[in-house]
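*Asks:* Got a file for you: entry11.pdb, PDB, C-alpha atoms, pLDDT in the B column.
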```pdb
MODEL        1
ATOM      1  CA  TYR V   1       3.161  36.569 -14.507  1.00 64.00           C
ATOM      2  CA  GLU V   2       4.178  36.480 -18.158  1.00 77.00           C
ATOM      3  CA  LEU V   3       5.748  33.513 -19.888  1.00 83.00           C
ATOM      4  CA  GLY V   4       9.391  34.287 -20.620  1.00 79.00           C
ATOM      5  CA  GLU V   5       9.873  37.037 -18.048  1.00 85.00           C
ATOM      6  CA  ILE V   6      12.580  34.777 -16.605  1.00 91.00           C
ATOM      7  CA  ILE V   7      14.926  33.230 -19.183  1.00 92.00           C
ATOM      8  CA  ILE V   8      17.565  30.662 -18.214  1.00 91.00           C
ATOM      9  CA  ASP V   9      19.925  30.609 -21.194  1.00 91.00           C
ATOM     10  CA  GLY V  10      22.938  28.320 -21.445  1.00 88.00           C
ATOM     11  CA  SER V  11      24.355  30.298 -24.377  1.00 87.00           C
ATOM     12  CA  ALA V  12      24.637  33.353 -22.087  1.00 69.00           C
ATOM     13  CA  GLY V  13      27.170  31.545 -19.878  1.00 63.00           C
ATOM     14  CA  MET V  14      24.751  31.185 -16.979  1.00 59.00           C
ATOM     15  CA  VAL V  15      26.009  29.188 -13.990  1.00 56.00           C
ATOM     16  CA  LEU V  16      23.270  27.859 -11.712  1.00 57.00           C
ATOM     17  CA  GLU V  17      23.338  26.090  -8.374  1.00 52.00           C
ATOM     18  CA  ASN V  18      22.671  22.339  -8.493  1.00 48.00           C
ATOM     19  CA  ILE V  19      23.698  21.690 -12.074  1.00 51.00           C
ATOM     20  CA  LEU V  20      25.806  19.155 -13.880  1.00 61.00           C
ATOM     21  CA  PRO V  21      28.052  20.271 -16.763  1.00 65.00           C
ATOM     22  CA  GLY V  22      25.938  21.489 -19.646  1.00 74.00           C
ATOM     23  CA  GLY V  23      22.754  21.434 -17.566  1.00 84.00           C
ATOM     24  CA  GLY V  24      20.152  23.965 -16.573  1.00 87.00           C
ATOM     25  CA  LEU V  25      18.027  23.778 -13.426  1.00 90.00           C
ATOM     26  CA  ARG V  26      18.072  20.734 -11.113  1.00 89.00           C
ATOM     27  CA  LEU V  27      15.466  20.178  -8.366  1.00 91.00           C
ATOM     28  CA  PHE V  28      16.169  17.982  -5.325  1.00 89.00           C
ATOM     29  CA  ASN V  29      13.374  18.678  -2.859  1.00 90.00           C
ATOM     30  CA  LYS V  30       9.659  18.043  -2.360  1.00 94.00           C
ATOM     31  CA  GLN V  31       6.605  19.859  -3.707  1.00 96.00           C
ATOM     32  CA  GLN V  32       8.509  22.318  -5.872  1.00 96.00           C
ATOM     33  CA  LYS V  33       6.629  24.267  -8.533  1.00 96.00           C
ATOM     34  CA  VAL V  34       8.075  25.596 -11.798  1.00 96.00           C
ATOM     35  CA  TYR V  35       5.949  28.012 -13.837  1.00 95.00           C
ATOM     36  CA  GLY V  36       6.622  30.531 -16.572  1.00 95.00           C
ATOM     37  CA  LEU V  37      10.311  29.845 -17.236  1.00 96.00           C
ATOM     38  CA  ASP V  38      11.976  29.928 -20.648  1.00 96.00           C
ATOM     39  CA  ILE V  39      14.865  27.427 -20.400  1.00 95.00           C
ATOM     40  CA  ARG V  40      17.047  27.091 -23.486  1.00 94.00           C
ATOM     41  CA  ASN V  41      20.439  26.370 -25.030  1.00 93.00           C
ATOM     42  CA  PHE V  42      21.866  23.796 -22.619  1.00 91.00           C
ATOM     43  CA  SER V  43      23.789  20.864 -24.098  1.00 88.00           C
ATOM     44  CA  SER V  44      22.760  18.315 -21.445  1.00 87.00           C
ATOM     45  CA  PHE V  45      19.340  19.114 -19.921  1.00 90.00           C
ATOM     46  CA  GLY V  46      17.023  22.034 -19.337  1.00 93.00           C
ATOM     47  CA  LEU V  47      15.341  20.844 -16.120  1.00 94.00           C
ATOM     48  CA  SER V  48      16.263  17.788 -14.054  1.00 91.00           C
ATOM     49  CA  LEU V  49      14.181  16.251 -11.263  1.00 93.00           C
ATOM     50  CA  ALA V  50      16.628  14.379  -9.043  1.00 88.00           C
ATOM     51  CA  ARG V  51      16.093  10.858  -7.752  1.00 86.00           C
ATOM     52  CA  ASP V  52      15.027  11.987  -4.254  1.00 88.00           C
ATOM     53  CA  SER V  53      12.629  14.671  -5.455  1.00 93.00           C
ATOM     54  CA  GLU V  54       8.895  14.257  -4.871  1.00 96.00           C
ATOM     55  CA  SER V  55       5.602  15.791  -6.003  1.00 97.00           C
ATOM     56  CA  ALA V  56       6.951  18.523  -8.289  1.00 97.00           C
ATOM     57  CA  GLN V  57       4.509  20.466 -10.482  1.00 98.00           C
ATOM     58  CA  ILE V  58       6.150  21.494 -13.756  1.00 98.00           C
ATOM     59  CA  GLY V  59       3.759  23.758 -15.635  1.00 97.00           C
ATOM     60  CA  LEU V  60       0.039  24.234 -15.156  1.00 96.00           C
ATOM     61  CA  PRO V  61      -2.818  25.347 -17.432  1.00 97.00           C
ATOM     62  CA  GLY V  62      -2.250  29.042 -18.049  1.00 95.00           C
ATOM     63  CA  LYS V  63       1.256  28.781 -16.544  1.00 95.00           C
ATOM     64  CA  PRO V  64       3.424  26.894 -19.062  1.00 96.00           C
ATOM     65  CA  ASN V  65       7.190  26.680 -19.308  1.00 97.00           C
ATOM     66  CA  VAL V  66       9.142  26.718 -22.560  1.00 97.00           C
ATOM     67  CA  PHE V  67      12.075  24.341 -23.117  1.00 97.00           C
ATOM     68  CA  PHE V  68      14.107  25.032 -26.241  1.00 96.00           C
ATOM     69  CA  ASN V  69      17.355  23.828 -27.883  1.00 95.00           C
ATOM     70  CA  THR V  70      18.521  21.568 -25.026  1.00 93.00           C
ATOM     71  CA  GLY V  71      19.861  18.027 -25.271  1.00 91.00           C
ATOM     72  CA  THR V  72      17.023  16.707 -23.086  1.00 92.00           C
ATOM     73  CA  HIS V  73      14.376  19.212 -22.097  1.00 95.00           C
ATOM     74  CA  ILE V  74      13.177  17.534 -18.882  1.00 96.00           C
ATOM     75  CA  GLN V  75      14.970  14.665 -17.107  1.00 91.00           C
ATOM     76  CA  VAL V  76      12.632  12.922 -14.677  1.00 92.00           C
ATOM     77  CA  ALA V  77      13.562  10.821 -11.650  1.00 90.00           C
ATOM     78  CA  GLY V  78      11.890  10.709  -8.249  1.00 91.00           C
ATOM     79  CA  HIS V  79       8.237  10.204  -7.404  1.00 94.00           C
ATOM     80  CA  ARG V  80       4.728  11.546  -8.006  1.00 96.00           C
ATOM     81  CA  HIS V  81       5.619  14.405 -10.340  1.00 97.00           C
ATOM     82  CA  THR V  82       3.158  16.167 -12.636  1.00 98.00           C
ATOM     83  CA  ILE V  83       4.295  17.757 -15.911  1.00 98.00           C
ATOM     84  CA  GLN V  84       1.595  19.736 -17.706  1.00 98.00           C
ATOM     85  CA  SER V  85       0.938  22.490 -20.235  1.00 98.00           C
ATOM     86  CA  ASN V  86       4.558  23.011 -21.315  1.00 98.00           C
ATOM     87  CA  TYR V  87       6.053  23.739 -24.737  1.00 98.00           C
ATOM     88  CA  LEU V  88       9.042  21.531 -25.511  1.00 98.00           C
ATOM     89  CA  GLY V  89      10.990  22.145 -28.708  1.00 97.00           C
ATOM     90  CA  CYS V  90       8.807  25.068 -29.715  1.00 97.00           C
ATOM     91  CA  THR V  91       7.244  28.247 -28.379  1.00 96.00           C
ATOM     92  CA  PRO V  92       3.559  29.291 -28.364  1.00 95.00           C
ATOM     93  CA  GLU V  93       4.391  31.793 -31.107  1.00 93.00           C
ATOM     94  CA  GLY V  94       5.879  29.098 -33.337  1.00 91.00           C
ATOM     95  CA  GLU V  95       9.645  29.388 -32.887  1.00 94.00           C
ATOM     96  CA  MET V  96      11.061  25.924 -33.689  1.00 96.00           C
ATOM     97  CA  GLN V  97      14.198  24.490 -32.119  1.00 94.00           C
ATOM     98  CA  THR V  98      17.096  23.437 -34.332  1.00 90.00           C
ATOM     99  CA  THR V  99      18.704  21.024 -31.877  1.00 87.00           C
ATOM    100  CA  GLY V 100      17.389  18.734 -29.142  1.00 90.00           C
ATOM    101  CA  SER V 101      17.328  14.976 -28.619  1.00 92.00           C
ATOM    102  CA  ARG V 102      14.535  14.149 -26.126  1.00 93.00           C
ATOM    103  CA  GLY V 103      11.568  16.068 -24.834  1.00 96.00           C
ATOM    104  CA  ILE V 104      10.841  14.265 -21.546  1.00 96.00           C
ATOM    105  CA  ALA V 105      13.216  11.493 -20.462  1.00 92.00           C
ATOM    106  CA  ILE V 106      11.666   9.384 -17.684  1.00 89.00           C
ATOM    107  CA  GLY V 107      14.147   7.660 -15.397  1.00 80.00           C
ATOM    108  CA  SER V 108      17.040   9.684 -16.764  1.00 65.00           C
ATOM    109  CA  TYR V 109      19.469  10.475 -13.927  1.00 59.00           C
ATOM    110  CA  SER V 110      23.289  10.172 -13.798  1.00 59.00           C
ATOM    111  CA  ASN V 111      24.988   6.934 -12.795  1.00 61.00           C
ATOM    112  CA  ILE V 112      23.186   6.168  -9.514  1.00 65.00           C
ATOM    113  CA  PRO V 113      20.661   3.273  -9.438  1.00 67.00           C
ATOM    114  CA  HIS V 114      17.200   4.669  -8.886  1.00 72.00           C
ATOM    115  CA  THR V 115      13.474   4.083  -9.250  1.00 81.00           C
ATOM    116  CA  THR V 116      11.013   6.587 -10.716  1.00 88.00           C
ATOM    117  CA  THR V 117       7.329   6.106  -9.853  1.00 90.00           C
ATOM    118  CA  ASP V 118       3.816   7.481 -10.260  1.00 94.00           C
ATOM    119  CA  LEU V 119       4.244  10.180 -12.890  1.00 96.00           C
ATOM    120  CA  THR V 120       1.620  12.194 -14.717  1.00 98.00           C
ATOM    121  CA  ILE V 121       2.640  13.707 -18.044  1.00 98.00           C
ATOM    122  CA  GLY V 122      -0.242  15.738 -19.457  1.00 98.00           C
ATOM    123  CA  GLY V 123      -3.884  15.167 -18.536  1.00 98.00           C
ATOM    124  CA  SER V 124      -7.021  16.632 -20.068  1.00 98.00           C
ATOM    125  CA  ARG V 125      -6.476  18.321 -23.421  1.00 96.00           C
ATOM    126  CA  ALA V 126      -9.718  20.279 -23.005  1.00 96.00           C
ATOM    127  CA  LEU V 127      -8.396  21.758 -19.749  1.00 98.00           C
ATOM    128  CA  GLY V 128      -5.043  22.619 -21.335  1.00 97.00           C
ATOM    129  CA  GLU V 129      -3.095  20.081 -19.283  1.00 98.00           C
ATOM    130  CA  GLY V 130      -1.360  18.402 -22.215  1.00 98.00           C
ATOM    131  CA  ASN V 131       2.198  19.240 -23.205  1.00 98.00           C
ATOM    132  CA  ILE V 132       3.128  20.259 -26.755  1.00 98.00           C
ATOM    133  CA  ILE V 133       6.315  18.520 -27.885  1.00 98.00           C
ATOM    134  CA  GLY V 134       8.119  18.654 -31.221  1.00 97.00           C
ATOM    135  CA  ASN V 135      11.384  18.695 -33.150  1.00 97.00           C
ATOM    136  CA  CYS V 136      13.185  16.010 -31.058  1.00 96.00           C
ATOM    137  CA  SER V 137      15.811  13.936 -32.833  1.00 95.00           C
ATOM    138  CA  THR V 138      15.336  10.839 -30.595  1.00 93.00           C
ATOM    139  CA  ALA V 139      11.863  10.913 -29.034  1.00 95.00           C
ATOM    140  CA  ALA V 140       9.342  13.335 -27.613  1.00 97.00           C
ATOM    141  CA  ILE V 141       8.861  11.118 -24.524  1.00 96.00           C
ATOM    142  CA  TYR V 142      11.409   8.437 -23.649  1.00 92.00           C
ATOM    143  CA  SER V 143      11.094   6.055 -20.701  1.00 88.00           C
ATOM    144  CA  GLY V 144      13.727   3.788 -19.204  1.00 78.00           C
ATOM    145  CA  ALA V 145      17.124   5.102 -20.254  1.00 63.00           C
ATOM    146  CA  ASN V 146      19.771   6.727 -18.072  1.00 57.00           C
ATOM    147  CA  GLU V 147      22.739   9.051 -18.433  1.00 53.00           C
ATOM    148  CA  ASN V 148      25.426   6.408 -17.873  1.00 48.00           C
ATOM    149  CA  ASN V 149      25.307   4.602 -21.228  1.00 47.00           C
ATOM    150  CA  ASN V 150      22.534   2.389 -19.820  1.00 48.00           C
ATOM    151  CA  THR V 151      24.891   0.616 -17.395  1.00 44.00           C
ATOM    152  CA  THR V 152      23.039   1.513 -14.176  1.00 52.00           C
ATOM    153  CA  ASP V 153      19.752   0.141 -12.851  1.00 62.00           C
ATOM    154  CA  THR V 154      16.911   2.406 -13.959  1.00 72.00           C
ATOM    155  CA  ILE V 155      13.375   1.411 -12.994  1.00 79.00           C
ATOM    156  CA  VAL V 156      10.269   3.310 -14.092  1.00 85.00           C
ATOM    157  CA  PHE V 157       7.120   2.023 -12.418  1.00 87.00           C
ATOM    158  CA  GLY V 158       3.834   3.749 -13.048  1.00 90.00           C
ATOM    159  CA  ALA V 159       3.395   6.624 -15.508  1.00 94.00           C
ATOM    160  CA  VAL V 160       0.365   8.106 -17.253  1.00 97.00           C
ATOM    161  CA  ILE V 161       1.066   9.905 -20.530  1.00 98.00           C
ATOM    162  CA  ALA V 162      -2.215  11.545 -21.556  1.00 98.00           C
ATOM    163  CA  GLY V 163      -3.648  14.419 -23.542  1.00 98.00           C
ATOM    164  CA  ASN V 164      -0.334  15.539 -25.066  1.00 98.00           C
ATOM    165  CA  THR V 165       0.108  16.864 -28.587  1.00 98.00           C
ATOM    166  CA  ILE V 166       3.259  15.376 -30.084  1.00 98.00           C
ATOM    167  CA  GLY V 167       4.631  16.340 -33.501  1.00 98.00           C
ATOM    168  CA  TRP V 168       1.956  18.965 -34.205  1.00 97.00           C
ATOM    169  CA  HIS V 169       1.640  22.617 -33.173  1.00 97.00           C
ATOM    170  CA  PRO V 170      -2.079  23.071 -32.415  1.00 94.00           C
ATOM    171  CA  ILE V 171      -1.964  26.869 -32.472  1.00 92.00           C
ATOM    172  CA  LEU V 172      -0.132  27.246 -35.783  1.00 92.00           C
ATOM    173  CA  GLU V 173      -1.483  23.958 -37.192  1.00 94.00           C
ATOM    174  CA  THR V 174       1.907  22.913 -38.485  1.00 96.00           C
ATOM    175  CA  ALA V 175       4.015  19.751 -38.262  1.00 97.00           C
ATOM    176  CA  MET V 176       6.898  19.449 -35.778  1.00 97.00           C
ATOM    177  CA  PRO V 177       8.397  16.016 -36.563  1.00 97.00           C
ATOM    178  CA  ASN V 178      10.070  13.921 -33.870  1.00 97.00           C
ATOM    179  CA  GLN V 179      12.023  10.770 -34.670  1.00 96.00           C
ATOM    180  CA  SER V 180       9.681   8.853 -32.343  1.00 96.00           C
ATOM    181  CA  GLY V 181       6.649  10.037 -30.454  1.00 97.00           C
ATOM    182  CA  VAL V 182       6.802   7.803 -27.352  1.00 96.00           C
ATOM    183  CA  TRP V 183       9.661   5.339 -26.792  1.00 92.00           C
ATOM    184  CA  ILE V 184       9.325   2.796 -23.948  1.00 89.00           C
ATOM    185  CA  TYR V 185      12.486   0.915 -23.026  1.00 80.00           C
ATOM    186  CA  HIS V 186      12.424  -2.301 -20.971  1.00 67.00           C
ATOM    187  CA  SER V 187      15.436  -4.552 -21.146  1.00 58.00           C
ATOM    188  CA  THR V 188      18.461  -6.059 -19.476  1.00 55.00           C
ATOM    189  CA  PHE V 189      21.294  -4.218 -21.151  1.00 50.00           C
ATOM    190  CA  PRO V 190      23.969  -6.679 -22.334  1.00 49.00           C
ATOM    191  CA  GLY V 191      26.978  -4.483 -21.643  1.00 47.00           C
ATOM    192  CA  ALA V 192      27.389  -4.663 -17.866  1.00 42.00           C
ATOM    193  CA  PRO V 193      26.097  -6.351 -14.711  1.00 45.00           C
ATOM    194  CA  ASN V 194      23.268  -4.751 -12.724  1.00 48.00           C
ATOM    195  CA  SER V 195      22.027  -2.894 -15.752  1.00 52.00           C
ATOM    196  CA  GLU V 196      18.321  -3.649 -15.751  1.00 62.00           C
ATOM    197  CA  LEU V 197      16.228  -0.964 -17.415  1.00 66.00           C
ATOM    198  CA  TYR V 198      12.567  -1.408 -16.545  1.00 72.00           C
ATOM    199  CA  SER V 199       9.483   0.461 -17.703  1.00 80.00           C
ATOM    200  CA  GLU V 200       6.334  -1.071 -16.226  1.00 83.00           C
ATOM    201  CA  GLN V 201       2.707  -0.049 -15.804  1.00 88.00           C
ATOM    202  CA  ILE V 202       2.835   2.721 -18.387  1.00 91.00           C
ATOM    203  CA  THR V 203      -0.447   4.093 -19.762  1.00 95.00           C
ATOM    204  CA  ILE V 204      -0.304   5.971 -23.048  1.00 97.00           C
ATOM    205  CA  GLY V 205      -3.649   7.724 -23.485  1.00 98.00           C
ATOM    206  CA  GLY V 206      -6.782   7.346 -21.394  1.00 97.00           C
ATOM    207  CA  PRO V 207     -10.451   6.394 -21.245  1.00 95.00           C
ATOM    208  CA  ASP V 208     -11.642   8.990 -23.789  1.00 96.00           C
ATOM    209  CA  ALA V 209     -10.406  11.072 -26.715  1.00 95.00           C
ATOM    210  CA  ASP V 210      -9.727  14.041 -24.444  1.00 97.00           C
ATOM    211  CA  ARG V 211      -7.010  12.090 -22.657  1.00 98.00           C
ATOM    212  CA  GLY V 212      -5.724  10.297 -25.716  1.00 98.00           C
ATOM    213  CA  ASN V 213      -2.477  11.681 -27.121  1.00 98.00           C
ATOM    214  CA  ILE V 214      -2.207  13.177 -30.592  1.00 98.00           C
ATOM    215  CA  ILE V 215       0.988  11.748 -32.107  1.00 98.00           C
ATOM    216  CA  ALA V 216       1.695  12.896 -35.644  1.00 98.00           C
ATOM    217  CA  HIS V 217       4.412  13.365 -38.287  1.00 97.00           C
ATOM    218  CA  SER V 218       7.047  11.116 -36.680  1.00 98.00           C
ATOM    219  CA  ASP V 219      10.057  10.469 -38.895  1.00 97.00           C
ATOM    220  CA  GLY V 220      10.284   6.986 -37.362  1.00 96.00           C
ATOM    221  CA  THR V 221       7.668   5.436 -35.092  1.00 96.00           C
ATOM    222  CA  ALA V 222       4.671   6.955 -33.331  1.00 97.00           C
ATOM    223  CA  VAL V 223       5.063   4.569 -30.350  1.00 95.00           C
ATOM    224  CA  PHE V 224       8.053   2.254 -29.984  1.00 92.00           C
ATOM    225  CA  LEU V 225       8.005  -0.539 -27.369  1.00 88.00           C
ATOM    226  CA  GLU V 226      11.589  -1.734 -27.233  1.00 79.00           C
ATOM    227  CA  ASP V 227      12.376  -5.325 -26.253  1.00 69.00           C
ATOM    228  CA  ASP V 228       9.952  -6.782 -23.700  1.00 60.00           C
ATOM    229  CA  GLY V 229       7.879  -3.883 -22.376  1.00 58.00           C
ATOM    230  CA  VAL V 230       5.679  -4.965 -19.449  1.00 69.00           C
ATOM    231  CA  ARG V 231       2.087  -3.872 -18.784  1.00 83.00           C
ATOM    232  CA  VAL V 232       2.038  -0.986 -21.260  1.00 89.00           C
ATOM    233  CA  SER V 233      -1.462   0.199 -22.204  1.00 92.00           C
ATOM    234  CA  MET V 234      -2.326   2.337 -25.242  1.00 95.00           C
ATOM    235  CA  ARG V 235      -5.820   3.832 -25.123  1.00 96.00           C
ATOM    236  CA  ARG V 236      -7.746   6.241 -27.343  1.00 96.00           C
ATOM    237  CA  ASN V 237      -4.712   7.849 -29.024  1.00 97.00           C
TER     238      ASN V 237
ENDMDL
END
```
Can you present the structure in this file as structure tokens?
*Replies:*
Amino acid sequence: YELGEIIIDGSAGMVLENILPGGGLRLFNKQQKVYGLDIRNFSSFGLSLARDSESAQIGLPGKPNVFFNTGTHIQVAGHRHTIQSNYLGCTPEGEMQTTGSRGIAIGSYSNIPHTTTDLTIGGSRALGEGNIIGNCSTAAIYSGANENNNTTDTIVFGAVIAGNTIGWHPILETAMPNQSGVWIYHSTFPGAPNSELYSEQITIGGPDADRGNIIAHSDGTAVFLEDDGVRVSMRRN
């Protein structure tokens, strides 16, 4: 196992099963594991967890993935996923992406109403479970939007965002600015019926500094709670 032995590159004209136009890898099933991939240069998404997917493990200490120069690096729908130890918008060696809107987009999935629940993004920084996210023009982590101009029900219920390093490369000790660090969306969108976008029971950080997030060098906000976010906790960041 070596990081980058398998590269999925949209600029190379790759065509994969289970993709949408401009997208990389899409997972539909249960208990899938993704380690050691270098996914880059897709206009839509690098990796997408579909609305019926469950219990995926994306990255692990010592087994990271790299996501680079994609519109959204990881789209998350479904239930009980864990996303840990990945590099989004950068590489361990310090290559910095030049394009990319969102690092991890929670609840982001096409035009089908869906609910996303019980996510873990990061964990213990000391154990290497946190993700490293930088150089995103919208937000490093974004919860509550969808891919249909926000005109489809999108419910996010239960997510822990802990131990991540956002806007800072801890190996090179250099800034990687995002527009926003964490953006939580909770609203009834005014443009169409049945367009409720909920983010509820979101924890940003944890009980100690090890599980608090490091959020630095944002061009806009470190944490943005849009409209009437419900039961959002921020602890030890």
*Asks:* Any idea what's packed within 7 Å of stretch 28-33 of chain V, counting only C-alpha atoms, ignoring anything in its chain fewer than 4 positions away? Could you give it as a ChimeraX atom specification?
*Replies:* /V:49-50,52-58
*Asks:* Given the PyMOL selection byres ((chain V and resi 83) around 6) and the file above, list the residues it selects as a ChimeraX atom specification.
*Replies:* /V:58,82,84,121
*Asks:* From the options V:Thr165, V:Ser43, V:Asn65, V:Thr98, which residue's atoms come nearest to V:Asp210, counting all atoms listed in the file?
*Replies:*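 The closest residue to V:Asp210 is V:Thr165.
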*Asks:* Pick out the closest residue to V:Pro207 from this set: V:Gly24, V:Asp9, V:Tyr87, V:Ser124. Count all atoms listed in the file.
*Replies:*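 When distances to V:Pro207 are compared using all atoms listed in the file, the smallest one comes from V:Ser124.
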*Asks:* Quick one, how far is atom CA of V:Ser218 from atom CA of V:Gly167?
*Replies:*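 These two atoms are separated by 6.6 Å.
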*Asks:* Please write the residues picked by the PyMOL selection byres ((chain V and resi 113-119) around 6) on this file as a PyMOL selection string.
*Replies:* chain V and resi 77-81+107+112+120+152-159
*Asks:* As a PDB file with C-alpha atoms, keeping the file's coordinate frame, please: the residues near stretch 176-187 of chain V (cut-off 7 Å, only C-alpha atoms, same-chain neighbours under 6 positions excluded).
*Replies:*
```pdb
ATOM      1  CA  GLY V 134       8.119  18.654 -31.221  1.00 97.00           C
ATOM      2  CA  ASN V 135      11.384  18.695 -33.150  1.00 97.00           C
ATOM      3  CA  CYS V 136      13.185  16.010 -31.058  1.00 96.00           C
ATOM      4  CA  SER V 137      15.811  13.936 -32.833  1.00 95.00           C
ATOM      5  CA  THR V 138      15.336  10.839 -30.595  1.00 93.00           C
ATOM      6  CA  ALA V 139      11.863  10.913 -29.034  1.00 95.00           C
ATOM      7  CA  ALA V 140       9.342  13.335 -27.613  1.00 97.00           C
ATOM      8  CA  ILE V 141       8.861  11.118 -24.524  1.00 96.00           C
ATOM      9  CA  TYR V 142      11.409   8.437 -23.649  1.00 92.00           C
ATOM     10  CA  SER V 143      11.094   6.055 -20.701  1.00 88.00           C
ATOM     11  CA  GLY V 144      13.727   3.788 -19.204  1.00 78.00           C
ATOM     12  CA  ALA V 145      17.124   5.102 -20.254  1.00 63.00           C
ATOM     13  CA  ILE V 166       3.259  15.376 -30.084  1.00 98.00           C
ATOM     14  CA  GLY V 167       4.631  16.340 -33.501  1.00 98.00           C
ATOM     15  CA  TRP V 168       1.956  18.965 -34.205  1.00 97.00           C
ATOM     16  CA  HIS V 169       1.640  22.617 -33.173  1.00 97.00           C
ATOM     17  CA  GLU V 196      18.321  -3.649 -15.751  1.00 62.00           C
ATOM     18  CA  LEU V 197      16.228  -0.964 -17.415  1.00 66.00           C
ATOM     19  CA  TYR V 198      12.567  -1.408 -16.545  1.00 72.00           C
ATOM     20  CA  SER V 199       9.483   0.461 -17.703  1.00 80.00           C
ATOM     21  CA  ILE V 215       0.988  11.748 -32.107  1.00 98.00           C
ATOM     22  CA  HIS V 217       4.412  13.365 -38.287  1.00 97.00           C
ATOM     23  CA  SER V 218       7.047  11.116 -36.680  1.00 98.00           C
ATOM     24  CA  ASP V 219      10.057  10.469 -38.895  1.00 97.00           C
ATOM     25  CA  GLY V 220      10.284   6.986 -37.362  1.00 96.00           C
ATOM     26  CA  THR V 221       7.668   5.436 -35.092  1.00 96.00           C
ATOM     27  CA  ALA V 222       4.671   6.955 -33.331  1.00 97.00           C
ATOM     28  CA  VAL V 223       5.063   4.569 -30.350  1.00 95.00           C
ATOM     29  CA  PHE V 224       8.053   2.254 -29.984  1.00 92.00           C
ATOM     30  CA  LEU V 225       8.005  -0.539 -27.369  1.00 88.00           C
ATOM     31  CA  GLU V 226      11.589  -1.734 -27.233  1.00 79.00           C
ATOM     32  CA  ASP V 227      12.376  -5.325 -26.253  1.00 69.00           C
ATOM     33  CA  ASP V 228       9.952  -6.782 -23.700  1.00 60.00           C
ATOM     34  CA  GLY V 229       7.879  -3.883 -22.376  1.00 58.00           C
TER      35      GLY V 229
END
```
*Asks:* On this file, the PyMOL selection byres ((chain V and resi 73) around 9) gives some set of residues; write that set as a PyMOL selection string.
*Replies:* chain V and resi 39-40+42+44-48+67-72+74-75+88-89+100-105
*Asks:* Using Å and a single decimal, report how far atom CA of V:Glu200 sits from atom CA of V:Leu127.
*Replies:*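 Atom CA of V:Glu200 lies at a distance of 27.4 Å from atom CA of V:Leu127.
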*Asks:* What does the distance from atom CA of V:Gly23 to atom CA of V:Thr91 come to in Å, to one decimal?
*Replies:*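 Separation of atom CA of V:Gly23 and atom CA of V:Thr91: 20.1 Å.
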*Asks:* Tell me which of V:Thr174, V:Ser11, V:Asn41, V:Asn213 sits closest to V:Ala126, counting only C-alpha atoms.
*Replies:*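 Nearest to V:Ala126: V:Asn213.
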*Asks:* Rebuild stretch 47-56 of chain V to N, CA, C and O atoms - output it as a PDB file, keeping the file's coordinate frame, please.
*Replies:*
```pdb
ATOM      1  N   LEU V  47      15.821  21.007 -17.497  1.00 94.00           N
ATOM      2  CA  LEU V  47      15.341  20.844 -16.120  1.00 94.00           C
ATOM      3  C   LEU V  47      15.519  19.391 -15.737  1.00 94.00           C
ATOM      4  O   LEU V  47      15.167  18.488 -16.498  1.00 94.00           O
ATOM      5  N   SER V  48      16.053  19.152 -14.531  1.00 91.00           N
ATOM      6  CA  SER V  48      16.263  17.788 -14.054  1.00 91.00           C
ATOM      7  C   SER V  48      15.621  17.633 -12.683  1.00 91.00           C
ATOM      8  O   SER V  48      15.895  18.419 -11.763  1.00 91.00           O
ATOM      9  N   LEU V  49      14.766  16.622 -12.550  1.00 93.00           N
ATOM     10  CA  LEU V  49      14.181  16.251 -11.263  1.00 93.00           C
ATOM     11  C   LEU V  49      15.008  15.111 -10.702  1.00 93.00           C
ATOM     12  O   LEU V  49      15.034  14.014 -11.268  1.00 93.00           O
ATOM     13  N   ALA V  50      15.675  15.340  -9.589  1.00 88.00           N
ATOM     14  CA  ALA V  50      16.628  14.379  -9.043  1.00 88.00           C
ATOM     15  C   ALA V  50      15.922  13.174  -8.429  1.00 88.00           C
ATOM     16  O   ALA V  50      14.722  13.189  -8.164  1.00 88.00           O
ATOM     17  N   ARG V  51      16.679  12.143  -8.140  1.00 86.00           N
ATOM     18  CA  ARG V  51      16.093  10.858  -7.752  1.00 86.00           C
ATOM     19  C   ARG V  51      15.374  10.906  -6.413  1.00 86.00           C
ATOM     20  O   ARG V  51      14.510  10.081  -6.148  1.00 86.00           O
ATOM     21  N   ASP V  52      15.708  11.863  -5.541  1.00 88.00           N
ATOM     22  CA  ASP V  52      15.027  11.987  -4.254  1.00 88.00           C
ATOM     23  C   ASP V  52      13.925  13.044  -4.263  1.00 88.00           C
ATOM     24  O   ASP V  52      13.314  13.304  -3.225  1.00 88.00           O
ATOM     25  N   SER V  53      13.671  13.640  -5.378  1.00 93.00           N
ATOM     26  CA  SER V  53      12.629  14.671  -5.455  1.00 93.00           C
ATOM     27  C   SER V  53      11.248  14.023  -5.443  1.00 93.00           C
ATOM     28  O   SER V  53      11.073  12.878  -5.869  1.00 93.00           O
ATOM     29  N   GLU V  54      10.257  14.783  -4.960  1.00 96.00           N
ATOM     30  CA  GLU V  54       8.895  14.257  -4.871  1.00 96.00           C
ATOM     31  C   GLU V  54       7.879  15.361  -5.171  1.00 96.00           C
ATOM     32  O   GLU V  54       8.054  16.510  -4.781  1.00 96.00           O
ATOM     33  N   SER V  55       6.824  14.981  -5.871  1.00 97.00           N
ATOM     34  CA  SER V  55       5.602  15.791  -6.003  1.00 97.00           C
ATOM     35  C   SER V  55       5.872  17.170  -6.582  1.00 97.00           C
ATOM     36  O   SER V  55       5.276  18.166  -6.167  1.00 97.00           O
ATOM     37  N   ALA V  56       6.751  17.256  -7.589  1.00 97.00           N
ATOM     38  CA  ALA V  56       6.951  18.523  -8.289  1.00 97.00           C
ATOM     39  C   ALA V  56       5.798  18.775  -9.257  1.00 97.00           C
ATOM     40  O   ALA V  56       5.214  17.847  -9.808  1.00 97.00           O
TER      41      ALA V  56
END
```
